[in-house]
Each structure stands twice: as C-alpha cells, then as structure tokens.
Amino acid sequence: MSKAQESSTQVKSHELEEHRASLFKFAMLHLRNEAQAEDVVQETLLAAMQGAEKFAGNSSVRTWLTGILKHKILDQIRKSSRERAAEIHYDEDSSEDFDALFNERGAYAAVPAEWGSPDTALSQKNFFEVLERCMQGLPANTARVFAMREIMGLDTVEICKETGISATNCGVLLYRARMALRLCLDQRWFGRNR
Amino acid sequence: MSKFMLTCKEASRLTSEQFDRKLGVGQWLALRMHLRLCQGCSRVNRQFQFLRRAMSQMLDSAADKDGAEGG
Ligand SMILES: [Zn+2]
C-alpha cells in the first residue's frame, strides 16, 4: 500500500475490529444463531477491509459497517428461509395468544398501565439491556421479522419477499412482537416498582 | 373489521397495523374513535410509539457500550 493511499480517511483493520462486538449484537438480534451471526460479521469485516479505500469518510465507520452488515444479514435470512420454507407457516388467527388479556367482550380485563414519560428510559443504558433481553424472549421468527421492520426499517413488502412469510402472517408476527415487548417492558422496567 | 365500534382486542391489532401500513378510511376512523374513548388502548398506542423510538436507538446503545470513547 502506497503512502498516498493511506490518507487520513483510510480505515485501519484494528479500527474495524473495535466494532466486532456491536456488529455481532446487531446480527444476533436478526439471526438468533451465534454461528450465523459470527459468519456474517466476519464477512462484513473482510468486505470492509477489501473495500477500505471506498470508505469515503463522510459517514461514521460504524454506519458504513452496519450498511454492509445489513446486506449480509439479508443474504443469510434469504438463504435460511429457503432451507426452512416449510417451517415458516402460521395460521392466520394466531393473534389469539393474547386472549388472556381480554375479557369475553374483547375489552382489556386489566387496563394497561400508564408509562408516564417513557423517553427518559432512552438515556439509560440498563434500559437497552432489558429491551434486548425482552427481544431474546420472543420466538425466533417473531424477533427476526420485528428486527427487520424496526431496526433495519424494511417495509412489510420487503420482509415478505426476504422471508417468504405472507403479508398477513407478517402483520400477526409484528403484532405479537409489539404486544409481548410491551408486556415485558411493563414487567421488567416501567412497572418494576409498582 | 368494517364495523364501527371496535373491541379493545381489534383496536390493539389495528394499532399495531398502523405502524406497518396505511389503514383503510373506515378502519382508521374506527380506530381513532376507539382510542379517543378508551384509556387502555390509547396507552397501548403510546407504548407502541415508544417501542418504535426505542428500537431505532438500540444499535446506538450497543455501540456506546463497546466503544471506549463512546459516541
Ligand atoms: Zn380499548
């Protein structure tokens, strides 16, 4: 490598390594499989090292790496959803799992609690550990679809395409994820001193 | 779900769906009406909104924890 190429914006491999842990965490939220998560992170760091000259320096290294990682994760999801195509079928009225929350007239049996000003939690690191643990408590496909929607920001059409899940089932999974996370956060964070 | 009065169960499902797709006019109106009258469901609506903000910051929180100098 010539001196000219080693400009100030050039990313060094040890700088990339510093991001391994957070990339792994990001990958785990979507893939829920350590071996697969390690693979995609490794591929991402390799691709980043090979393409280090292309890093323009106008975004942060982490944003750049996350962009690469997203593509690797989607490739992996596509690959494994093809392999498990038979698994990913849900019956359409499975939103019944939260029946216990409602009375026979479909009203909340216990009125959901008030969270006050929840955004103060966003400046507390412990909060995100709790949220992560709540995510880990979701069934794998539910967590995957929810992460694709809320972390990657894909729309449901894209999620259907990548996972092979129908739009209706996708909606059911997103509903289940939101309800389960709401209950989990209520129990482990907002209502913990109640 | 074309009827005018929603149950909380139906309203919660629509509350989730409005984060993923544009609701039909009838559904949207029925949901607004329910949320206005129902304390529980309007809390759920705010909790889902909060969840979206929290999820969008999840990656930043992970980076803060690992990075020595934060950021
Ligand atoms: Zn209600």
# chains A, B, ... in the order shown; residues from 1 in each chain; ligands from 1
call {"tool": "residues_around", "arguments": {"residues": "region 28-37 of chain B", "least_positions_apart": "6", "cutoff": "9 Å", "atoms": "only C-alpha atoms", "output": "VMD selection string"}}
result
chain B and resid 2 to 8 10 to 12 14 to 15 18 22 43 45
call {"tool": "residues_near_ligand", "arguments": {"ligand": "ligand 1", "cutoff": "6 Å", "atoms": "only C-alpha atoms and all ligand atoms", "output": "list of chain:residue names"}}
result
B:Cys8, B:Cys38, B:Gly40, B:Cys41
call {"tool": "closest_atom_pairs", "arguments": {"of": "chain A", "to": "chain B", "cutoff": "9 Å", "atoms": "only C-alpha atoms", "output": "Markdown table"}}
result
| residue | atom | partner | partner_atom | distance |
| --- | --- | --- | --- | --- |
| A:Glu18 | CA | B:Gly67 | CA | 7.3 |
| A:His19 | CA | B:Ala63 | CA | 7.6 |
| A:Ala21 | CA | B:Asp66 | CA | 6.9 |
| A:Ser22 | CA | B:Ala63 | CA | 5.6 |
| A:Leu23 | CA | B:Ala63 | CA | 8.6 |
| A:Lys25 | CA | B:Ala62 | CA | 7.4 |
| A:Phe26 | CA | B:Leu59 | CA | 6.8 |
| A:Arg62 | CA | B:Ala63 | CA | 8.3 |
| A:Ser95 | CA | B:Arg13 | CA | 8.3 |
| A:Phe98 | CA | B:Lys9 | CA | 8.7 |
| A:Asp99 | CA | B:Lys9 | CA | 8.3 |
| A:Leu101 | CA | B:Lys9 | CA | 8.7 |
| A:Phe102 | CA | B:Lys9 | CA | 6.8 |
| A:Arg105 | CA | B:Thr7 | CA | 7.2 |
| A:Gly106 | CA | B:Thr7 | CA | 5.2 |
| A:Ala107 | CA | B:Cys8 | CA | 4.7 |
| A:Tyr108 | CA | B:Cys8 | CA | 6.2 |
| A:Ala110 | CA | B:Gly40 | CA | 8.5 |
| A:Val111 | CA | B:Gly40 | CA | 5.0 |
| A:Pro112 | CA | B:Gly40 | CA | 5.1 |
| A:Ala113 | CA | B:Arg43 | CA | 7.2 |
| A:Glu114 | CA | B:Arg43 | CA | 6.2 |
| A:Trp115 | CA | B:Gln47 | CA | 7.6 |
| A:Pro118 | CA | B:Phe50 | CA | 7.1 |
| A:Asp119 | CA | B:Phe50 | CA | 7.2 |
| A:Ala121 | CA | B:Ala54 | CA | 8.8 |
| A:Leu122 | CA | B:Ala54 | CA | 6.6 |
| A:Ser123 | CA | B:Ser61 | CA | 9.0 |
| A:Lys125 | CA | B:Ser61 | CA | 6.8 |
| A:Phe128 | CA | B:Met58 | CA | 6.6 |
| A:Glu129 | CA | B:Ala62 | CA | 9.0 |
| A:Leu131 | CA | B:Ala54 | CA | 8.5 |
| A:Glu132 | CA | B:Met58 | CA | 8.3 |
| A:Ala147 | CA | B:Met55 | CA | 8.2 |
| A:Arg149 | CA | B:Asp20 | CA | 8.3 |
| A:Glu150 | CA | B:Met55 | CA | 6.0 |
| A:Ile151 | CA | B:Ser56 | CA | 5.7 |
| A:Met152 | CA | B:Ser56 | CA | 8.7 |
| A:Gly153 | CA | B:Ser56 | CA | 8.6 |
| A:Asp155 | CA | B:Asp20 | CA | 7.0 |
| A:Thr156 | CA | B:Asp20 | CA | 6.7 |
| A:Gly171 | CA | B:Glu17 | CA | 6.6 |
| A:Val172 | CA | B:Arg13 | CA | 8.3 |
| A:Leu174 | CA | B:Ser16 | CA | 7.3 |
| A:Tyr175 | CA | B:Ser16 | CA | 5.5 |
| A:Arg178 | CA | B:Phe48 | CA | 6.6 |
| A:Met179 | CA | B:Phe48 | CA | 8.3 |
| A:Leu181 | CA | B:Leu51 | CA | 8.1 |
| A:Arg182 | CA | B:Gln47 | CA | 6.8 |
call {"tool": "atom_distance", "arguments": {"atom1": "CA of Ala143 (chain A)", "atom2": "CA of Arg176 (chain A)"}}
result
9.5 Å
call {"tool": "atom_distance", "arguments": {"atom1": "CA of Pro139 (chain A)", "atom2": "CA of Ile165 (chain A)"}}
result
14.9 Å
call {"tool": "select_by_dssp", "arguments": {"residues": "region 15-152 of chain A", "states": "helix (DSSP H, G or I)", "output": "JSON, numbers by chain"}}
result
{"A": [15, 16, 17, 20, 21, 22, 23, 24, 25, 26, 27, 28, 29, 30, 31, 34, 35, 36, 37, 38, 39, 40, 41, 42, 43, 44, 45, 46, 47, 48, 49, 50, 52, 53, 54, 61, 62, 63, 64, 65, 66, 67, 68, 69, 70, 71, 72, 73, 74, 75, 76, 77, 78, 79, 80, 81, 82, 83, 94, 95, 96, 97, 98, 99, 100, 101, 118, 119, 120, 121, 122, 123, 125, 126, 127, 128, 129, 130, 131, 132, 133, 134, 135, 136, 140, 141, 142, 143, 144, 145, 146, 147, 148, 149, 150]}
call {"tool": "closest_residue", "arguments": {"among": "A:Asp186, A:His30, A:Cys160, A:Ala140", "to": "Lys70 (chain A)", "atoms": "only C-alpha atoms"}}
result
A:His30
call {"tool": "residues_around", "arguments": {"residues": "Lys79 (chain A)", "least_positions_apart": "6", "cutoff": "12 Å", "atoms": "only C-alpha atoms", "output": "JSON, numbers by chain"}}
result
{"A": [31, 36, 72, 73, 85, 162, 163, 164]}
call {"tool": "atom_distance", "arguments": {"atom1": "CA of Arg133 (chain A)", "atom2": "CA of Leu173 (chain A)"}}
result
18.1 Å
